[in-house]
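These notes concern the structure reproduced below.
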Amino acid sequence: MKKSRILMVLGVLLPLMLFVFPLWNITLEAPQYPTPLGMDIYINDFADANPHDIKNINLMNHYVGMKYIPDAIPEFKIFPAGIIITTILGLLIAFKANYKWYLYWFILMVVLSSAGLYDFYLWEHDYGNDLDPKAIMKFTNPDGSVMGFQPPLFGSKDILNFRAHSYPQLGAFFMGIGMLLSFLAFLVGKKGK
Amino acid sequence: MKKISYSMLSLLGLAIIFTSCGDQGKSSSNGALSSSAAEKVYVAPGEHDDYYAFISGGFSGQLSVYGLPSGRLFKVIPVFSQDAEKAYGYNEETKPMLNTSFGFVPWDDSHHPDISQTNGELDGRFVFINGNNTPRIAKIDLTTFETTEIIEVPNSAGNHSSSFVTENTEYVVAGTRFSVPVPQRDMPINEYKGNFKGVLSFISVDPEDGGMDIKFQLIMPGFDYDLSHPGRGASHGWFFFTTYNTEEASTLLEVNASQNDKDFIAAVNWKKIEEYVNNGGGTIMPTNYAHNVYDEHTHTATSTMKKEVLVVDPLKVPGAVYFLPTPKSPHGCDVDPSGEYIVGNGKLSANLTVHSFTKMLDAIENKKFDGEAYGIPILKFEDVLAGTVNQAGLGPLHTEFDGQGNAYTTFFISSEVVKWKLKTWEVVDRQSTYYSVGHLMIPGGNSRKPFGKYALAMNKITKDRYLPTGPEVTQSAQLFDISGEKMELLLDFPTIGEPHYAAGIPADLIKPNSKKIYSLTENKHKYATTSDADVRVERNGKEVHIYMTMIRSHFNPDNIEGVKVGDKVYFHVTNLEQDYDVPHGVSVIGANTSELLIMPGQTESFVWEPKQVGVWPFYCTDFCSALHQEMQGYVRVSPADSDIDLSWSLGE
């Protein structure tokens with residue numbers, strides 16, 4: 001088998017690790033939480049970083065009127081299906097198509113993961129800004145607008161007494177490396193031509 | 001001249017600078033200049049102590065948890081006495097813990113904590129402690145730091161030579177201090193001699209769940225069995241008990257029990273008796289005693305009355321019991337880490353008597369007897385004696401060991417701790433205590449593996465050591481650094497009740513196992529409400545059961561109507577929190593009982609019998625959250641003949 005094809009197969013299979021490892025993690029630090037609260041986001045689940053973390057995040061966030069983190073969201077069905085479809089597609093390309101298609105698969109993956117990130121941003125925005133009007137505590141920004149509590153999409157940010165961190169996890173890295181491999185497969189294939 | 005003194009001063013200054021710099025590197029050096037006691041006991045904010053010390057509360061009936069070397073108090077674990085703060089003995093769940101054959105006994109005198117062992121070393125699973133007055137042995141689980149089992153000891157009185165564990169926690173042993181008629185009966189007190197009996201109880205501990213059961217009781221002559229310790233290493237399988245009042249006096253014991261020049265240490269070969277019992281030996285005696293067990297999943301204790309106990313006559317088991325003559329009403333009975341030396345602290349003597357286990361076996365084999373007492377062979381004193389620590393102090397009470405070949409004995413009358421060497425029996429050091437020291441404790445000091453860094457002396461008298469608080473002043477403990485050749489007094493700290501005795505253990509053996517919450521999904525309480533969907537109020541005749549939940553920062557339900565004067569209202573309250581250190585409390589106005597203090601995931605119940613018509617508030621008693629003050633509710637109480645139906649709500 002050609003080197004480019006091996007790279008492509010490998011690249012296509014790596015995103016499957018998303019079924020094992022989390023995609024993203026949000027962690028909240030505060031002095032009275034010596035063990036920070038954390039939530040691991042899988043493609044099909046929200047999971048406690050430590051037992052009961054999500055319950056405790058909900059308990060805390062209800063003071064400012066944030067909604068409870070749902071048990072399930074539609075994305076939990078869409079994401080796994082998307083991964084499976086793109087994997088099958090990628091395997092077909094790897095075995096049947098020429099190297100140019102490697103690039104198309106890579107572009108498809110870039111577009112889809114960008115869409116996924118945008119979707120994540122929209123959810124975060126809604127979660128942090130669509131607050132219960134009967135919230136126990138209401139905070140305003142210096143300009144008088146209602147303060148939101150949106151966690152960062154990527155990076156760290158202070159929210160009231162908490163410092164929130166939002167970073168990709170192992171699953172996301174596997175997908176990223178897989179995508180890079182497919183691009184590399186394209187380059188190797190092009191060079192070998 | 002002036003010039004010289006200046007340069008001298010500056011030299012001195014330099015010397016001080018150099019010494020204090022040198023300090024940072026090595027803290028083990030001795031001397032006042034080289035390190036300060038304050039430094040040695042200072043545990044910086046947020047840092048943890050190196051050792052747990054479980055210090056009995058004596059007449060408080062409880063067990064306190066301190067950190068060493070700081071001497072900071074972390075918790076008072078209620079054991080034998082009611083504790084309104086924690087609802088122990090007040091709520092419906094723990095009332096059965098204090099049940100006895102005499103009914104509900106809300107107090108006791110807790111004396112000798114001992115930590116469970118495996119292979120002769122501390123394993124940090126349980127602490128056992130004895131109740132003296134109404135003989136009981138309690139077990140505290142060191143994952144929850146709660147009392148989870150109490151077994152009453154029948155045929156015993158003044159349960160003092162207790163509660164010491166064997167090398168693998170096969171048994172926790174409880175001996176009677178006061179001999180009594182066995183079984184109890186109506187008889188003249190002055191017929192004590194020859195008629196009263198002293199019962200030594202061997203309580204087996206289940207290796208899996210720690211469940212206690214009286215395996216057998218040894219019916220001994222009617223002496224006072226004062227203290228005891230197990231053999232270890234070579235002497236594993238034996239247990240040693242000091243006795244006094246071998247005169248068998250029943251009155252004015254301070255004189256009448258001090259007449260014999262020597263009393264005994266009773267050496268009991270429990271392995272031999274265990275074998276005898278396992279082969280069907282012993283007699284079933286009808287009796288009555290309570291066995292109380294707290295279940296961590298139902299959060300509820302049950303009390304079972306047991307009706308019989310297996311008793312063993314020592315004369316029926318040849319070679320099971322011998323008496324070792326020991327001068328002057330010995331009190332403490334301590335066995336060194338190797339198991340070879342048995343120290344009898346003759347409290348009316350200035351000397352310490354140390355017996356040799358090897359010589360004891362030899363004396364038994366060669367029948368070096370010096371008569372017998374009630375058929376039990378008395379070994380010849382000279383043939384079991386390993387050595388004597390001469391004129392060490394006045395009123396020796398207790399000895400512990402550092403694992404480096406040294407022993408530390410307390411002297412009550414001369415108020416001091418004396419360090420001496422095993423084998424050479426020479427006194428190495430002595431330090432005063434303030435005042436009248438009873439027990440001392442070295443973590444693991446009664447095991448094969450002591451941690452010989454600190455010794456804690458527990459004093460009976462405090463007088464002027466602290467700010468005065470009227471006629472009643474605190475009792476206290478004193479911490480010594482024993483890592484050097486000389487002992488160094490580091491710290492005084494006040495204690496609860498009487499700090500009778502303590503058991504210490506490196507924190508790392510316990511800390512990782514300490515539970516943070518109770519899991520709601522494992523809550524099997526009969527009246528648990530683990531989901532808000534299940535909250536309700538039910539009436540059963542005059543009984544009203546409120547199935548209530550609590551979570552930051554409300555009760556559910558928080559408005560209840562339909563309760564009537566004359567009802568017996570049970571609040572069954574479940575804490576739905578699953579976060580560390582978020583307990584909630586609850587009480588209602590006029591409740592004739594304590595508050596409840598409910599840990600995350602736990603359910604507790606209290607009874608309220610409303611006597612007056614009205615609308616009565618209840619509230620959270622533990623400052624739980626930013627909205628703690630809002631955590632409140634009302635119960636409407638209507639006249640007894642009212643026809644208002646039960647109703648309940650939250651947020652309507």
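Order determines the names: the first chain of the structure tokens is A, the second B, and so forth; residues in each chain are numbered 1 upward, and ligands are numbered 1 upward as they are shown.
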Task: 12 Å contacts from chain A to chain B using only C-alpha atoms, as a list in words - done: Pro31, Gln32, Tyr33, Pro34, Thr35, Pro36, Leu37, Asn50, Pro51, His52, Asp53, Ile54, Lys55, Asn56, Ile57, Asn58, Leu59, Met60, Asn61, His62, Tyr63, Val64, Ile136 and Met137 of chain A
Write out, as a short mmCIF file (atom, residue, chain, number, x, y, z; two decimals), in the first residue's frame, the residues just selected, with C-alpha atoms.
data_model
loop_
_atom_site.label_atom_id
_atom_site.label_comp_id
_atom_site.auth_asym_id
_atom_site.auth_seq_id
_atom_site.Cartn_x
_atom_site.Cartn_y
_atom_site.Cartn_z
CA PRO A 31 -11.36 29.40 46.70
CA GLN A 32 -14.19 27.43 48.32
CA TYR A 33 -13.76 24.67 45.73
CA PRO A 34 -10.24 23.41 46.51
CA THR A 35 -11.07 20.62 44.09
CA PRO A 36 -12.36 22.60 41.09
CA LEU A 37 -15.72 21.80 39.51
CA ASN A 50 -15.31 14.53 39.66
CA PRO A 51 -18.48 12.84 40.99
CA HIS A 52 -21.49 15.19 41.14
CA ASP A 53 -19.70 18.16 39.55
CA ILE A 54 -22.50 18.94 37.09
CA LYS A 55 -25.09 18.81 39.86
CA ASN A 56 -22.95 21.21 41.88
CA ILE A 57 -22.39 23.53 38.90
CA ASN A 58 -26.17 23.63 38.42
CA LEU A 59 -26.74 24.32 42.12
CA MET A 60 -24.32 27.20 42.03
CA ASN A 61 -25.46 28.65 38.73
CA HIS A 62 -29.13 28.72 39.75
CA TYR A 63 -28.30 31.68 42.00
CA VAL A 64 -27.70 33.84 38.93
CA ILE A 136 -31.88 35.23 43.01
CA MET A 137 -28.92 37.47 42.23
#
TODO: Find the residues near Gly497 in chain B: any atom within 8 Å, counting only C-alpha atoms, skip ones fewer than 3 places away on the same chain, and give them as a VMD selection string.
DONE: chain B and resid 57 to 60 474 to 475
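The spacing separating CA of Leu385 in chain B from CA of Ile482 in chain B amounts to 27.7 Å.
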Open item on the list: List the spatial neighbours of Leu98 in chain B as a PyMOL selection string - criterion: any atom at most 7 Å away, only C-alpha atoms, same-chain residues fewer than 5 positions off excluded.
Closed with: chain B and resi 80+89+104-106
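Of the residues in range 379-581 of chain B, those that DSSP places in alpha helix (DSSP H) on the basis of the backbone are Phe381, Glu382, Asp383 and Val384 of chain B.
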Task: Polymer residues at most 9 Å from range 303-317 of chain B, only C-alpha atoms, same-chain spacing of 6 or more positions, as a VMD selection string - done: chain B and resid 96 to 101 154 199 201 214 to 220 272 to 273 276 to 277 281 to 294 374 to 376
Fewer than 5 positions away in the same chain doesn't count, so skip those; otherwise give me all residues within 9 Å of Gly82 in chain A, counting only C-alpha atoms, as a PDB file with N, CA and C atoms, in the first residue's frame.
ATOM      1  N   LYS A  77     -26.799  13.261  19.320  1.00  0.00           N
ATOM      2  CA  LYS A  77     -27.142  12.298  18.267  1.00  0.00           C
ATOM      3  C   LYS A  77     -26.410  12.647  16.964  1.00  0.00           C
ATOM      4  N   THR A  87     -16.126   9.079   8.793  1.00  0.00           N
ATOM      5  CA  THR A  87     -15.133   8.005   8.839  1.00  0.00           C
ATOM      6  C   THR A  87     -15.336   7.033   7.673  1.00  0.00           C
ATOM      7  N   LEU A 112     -16.833  21.009   8.950  1.00  0.00           N
ATOM      8  CA  LEU A 112     -17.729  20.409   9.946  1.00  0.00           C
ATOM      9  C   LEU A 112     -17.289  20.755  11.372  1.00  0.00           C
TER      10      LEU A 112
END
Open item on the list: Please extract the residues of range 34-177 of chain A with a backbone DSSP assignment of strand (DSSP E) and present them as an MDAnalysis selection string.
Closed with: chainID A and resid 34:42 45:48 155:159 162:168
Using C-alpha atoms, can you write the selected residues to a file as a PDB file, in the first residue's frame?
ATOM      1  CA  PRO A  34     -10.240  23.415  46.513  1.00  0.00           C
ATOM      2  CA  THR A  35     -11.070  20.624  44.095  1.00  0.00           C
ATOM      3  CA  PRO A  36     -12.362  22.602  41.087  1.00  0.00           C
ATOM      4  CA  LEU A  37     -15.717  21.804  39.506  1.00  0.00           C
ATOM      5  CA  GLY A  38     -15.392  20.413  36.024  1.00  0.00           C
ATOM      6  CA  MET A  39     -17.403  19.080  33.126  1.00  0.00           C
ATOM      7  CA  ASP A  40     -16.041  16.874  30.351  1.00  0.00           C
ATOM      8  CA  ILE A  41     -17.893  17.222  27.060  1.00  0.00           C
ATOM      9  CA  TYR A  42     -18.006  14.039  24.996  1.00  0.00           C
ATOM     10  CA  ASP A  45     -22.517  13.117  26.805  1.00  0.00           C
ATOM     11  CA  PHE A  46     -21.772  15.683  29.486  1.00  0.00           C
ATOM     12  CA  ALA A  47     -19.747  14.001  32.228  1.00  0.00           C
ATOM     13  CA  ASP A  48     -18.615  14.982  35.737  1.00  0.00           C
ATOM     14  CA  GLY A 155      -9.028  29.938  27.105  1.00  0.00           C
ATOM     15  CA  SER A 156      -9.544  31.209  30.629  1.00  0.00           C
ATOM     16  CA  LYS A 157     -11.750  33.961  31.998  1.00  0.00           C
ATOM     17  CA  ASP A 158     -12.862  35.395  35.353  1.00  0.00           C
ATOM     18  CA  ILE A 159     -16.597  35.126  36.029  1.00  0.00           C
ATOM     19  CA  PHE A 162     -14.819  31.861  39.583  1.00  0.00           C
ATOM     20  CA  ARG A 163     -12.068  31.447  37.066  1.00  0.00           C
ATOM     21  CA  ALA A 164     -13.383  29.456  34.123  1.00  0.00           C
ATOM     22  CA  HIS A 165     -11.154  27.428  31.840  1.00  0.00           C
ATOM     23  CA  SER A 166     -12.272  25.952  28.528  1.00  0.00           C
ATOM     24  CA  TYR A 167      -9.879  23.773  26.565  1.00  0.00           C
ATOM     25  CA  PRO A 168      -9.959  20.930  24.046  1.00  0.00           C
TER      26      PRO A 168
END
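Residue neighbourhood of Ala407 in chain B, excluding near-sequence residues (fewer than 4 positions): B:Glu400, B:Phe401, B:Lys419, B:Trp420, at 6 Å, using only C-alpha atoms.
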Go ahead and write the selection's residues with N, CA and C atoms as an mmCIF file, in the first residue's frame.
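Below you can see again_3.cif, which holds the result:
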data_model
loop_
_atom_site.group_PDB
_atom_site.id
_atom_site.type_symbol
_atom_site.label_atom_id
_atom_site.label_comp_id
_atom_site.auth_asym_id
_atom_site.auth_seq_id
_atom_site.Cartn_x
_atom_site.Cartn_y
_atom_site.Cartn_z
ATOM 1 N N GLU B 400 4.716 3.609 77.604
ATOM 2 C CA GLU B 400 4.643 3.384 76.155
ATOM 3 C C GLU B 400 6.061 3.307 75.610
ATOM 4 N N PHE B 401 6.192 2.961 74.336
ATOM 5 C CA PHE B 401 7.499 2.638 73.764
ATOM 6 C C PHE B 401 7.719 3.410 72.466
ATOM 7 N N LYS B 419 11.952 8.611 81.015
ATOM 8 C CA LYS B 419 12.411 7.793 79.892
ATOM 9 C C LYS B 419 13.468 6.825 80.409
ATOM 10 N N TRP B 420 13.305 5.560 80.081
ATOM 11 C CA TRP B 420 14.280 4.565 80.530
ATOM 12 C C TRP B 420 14.521 3.551 79.433
#
Excluding Val573 in chain B and any residue of its chain fewer than 6 positions from it, enumerate the residues within 8 Å of it, using only C-alpha atoms, and give them as a short mmCIF file (atom, residue, chain, number, x, y, z; two decimals) with N, CA and C atoms, in the first residue's frame.
data_model
loop_
_atom_site.label_atom_id
_atom_site.label_comp_id
_atom_site.auth_asym_id
_atom_site.auth_seq_id
_atom_site.Cartn_x
_atom_site.Cartn_y
_atom_site.Cartn_z
N ALA B 528 -36.27 7.79 53.45
CA ALA B 528 -35.50 8.69 52.58
C ALA B 528 -36.38 9.25 51.48
N THR B 529 -36.09 10.47 51.08
CA THR B 529 -36.73 11.09 49.92
C THR B 529 -35.59 11.56 49.03
N ILE B 546 -43.60 13.52 57.62
CA ILE B 546 -43.22 14.49 56.59
C ILE B 546 -41.98 13.98 55.89
N TYR B 547 -42.10 13.69 54.59
CA TYR B 547 -40.96 13.27 53.78
C TYR B 547 -40.41 14.51 53.11
N MET B 548 -39.33 15.05 53.65
CA MET B 548 -38.87 16.38 53.26
C MET B 548 -37.46 16.29 52.68
N THR B 549 -37.16 17.19 51.74
CA THR B 549 -35.78 17.28 51.24
C THR B 549 -35.22 18.66 51.55
N MET B 550 -33.92 18.75 51.51
CA MET B 550 -33.25 20.03 51.71
C MET B 550 -32.08 20.13 50.74
N THR B 603 -30.17 10.93 55.54
CA THR B 603 -31.54 11.17 56.02
C THR B 603 -31.56 11.05 57.53
N GLU B 604 -32.22 12.00 58.20
CA GLU B 604 -32.40 11.90 59.65
C GLU B 604 -33.83 12.32 60.00
N SER B 605 -34.26 11.88 61.19
CA SER B 605 -35.64 12.13 61.61
C SER B 605 -35.70 12.68 63.02
#
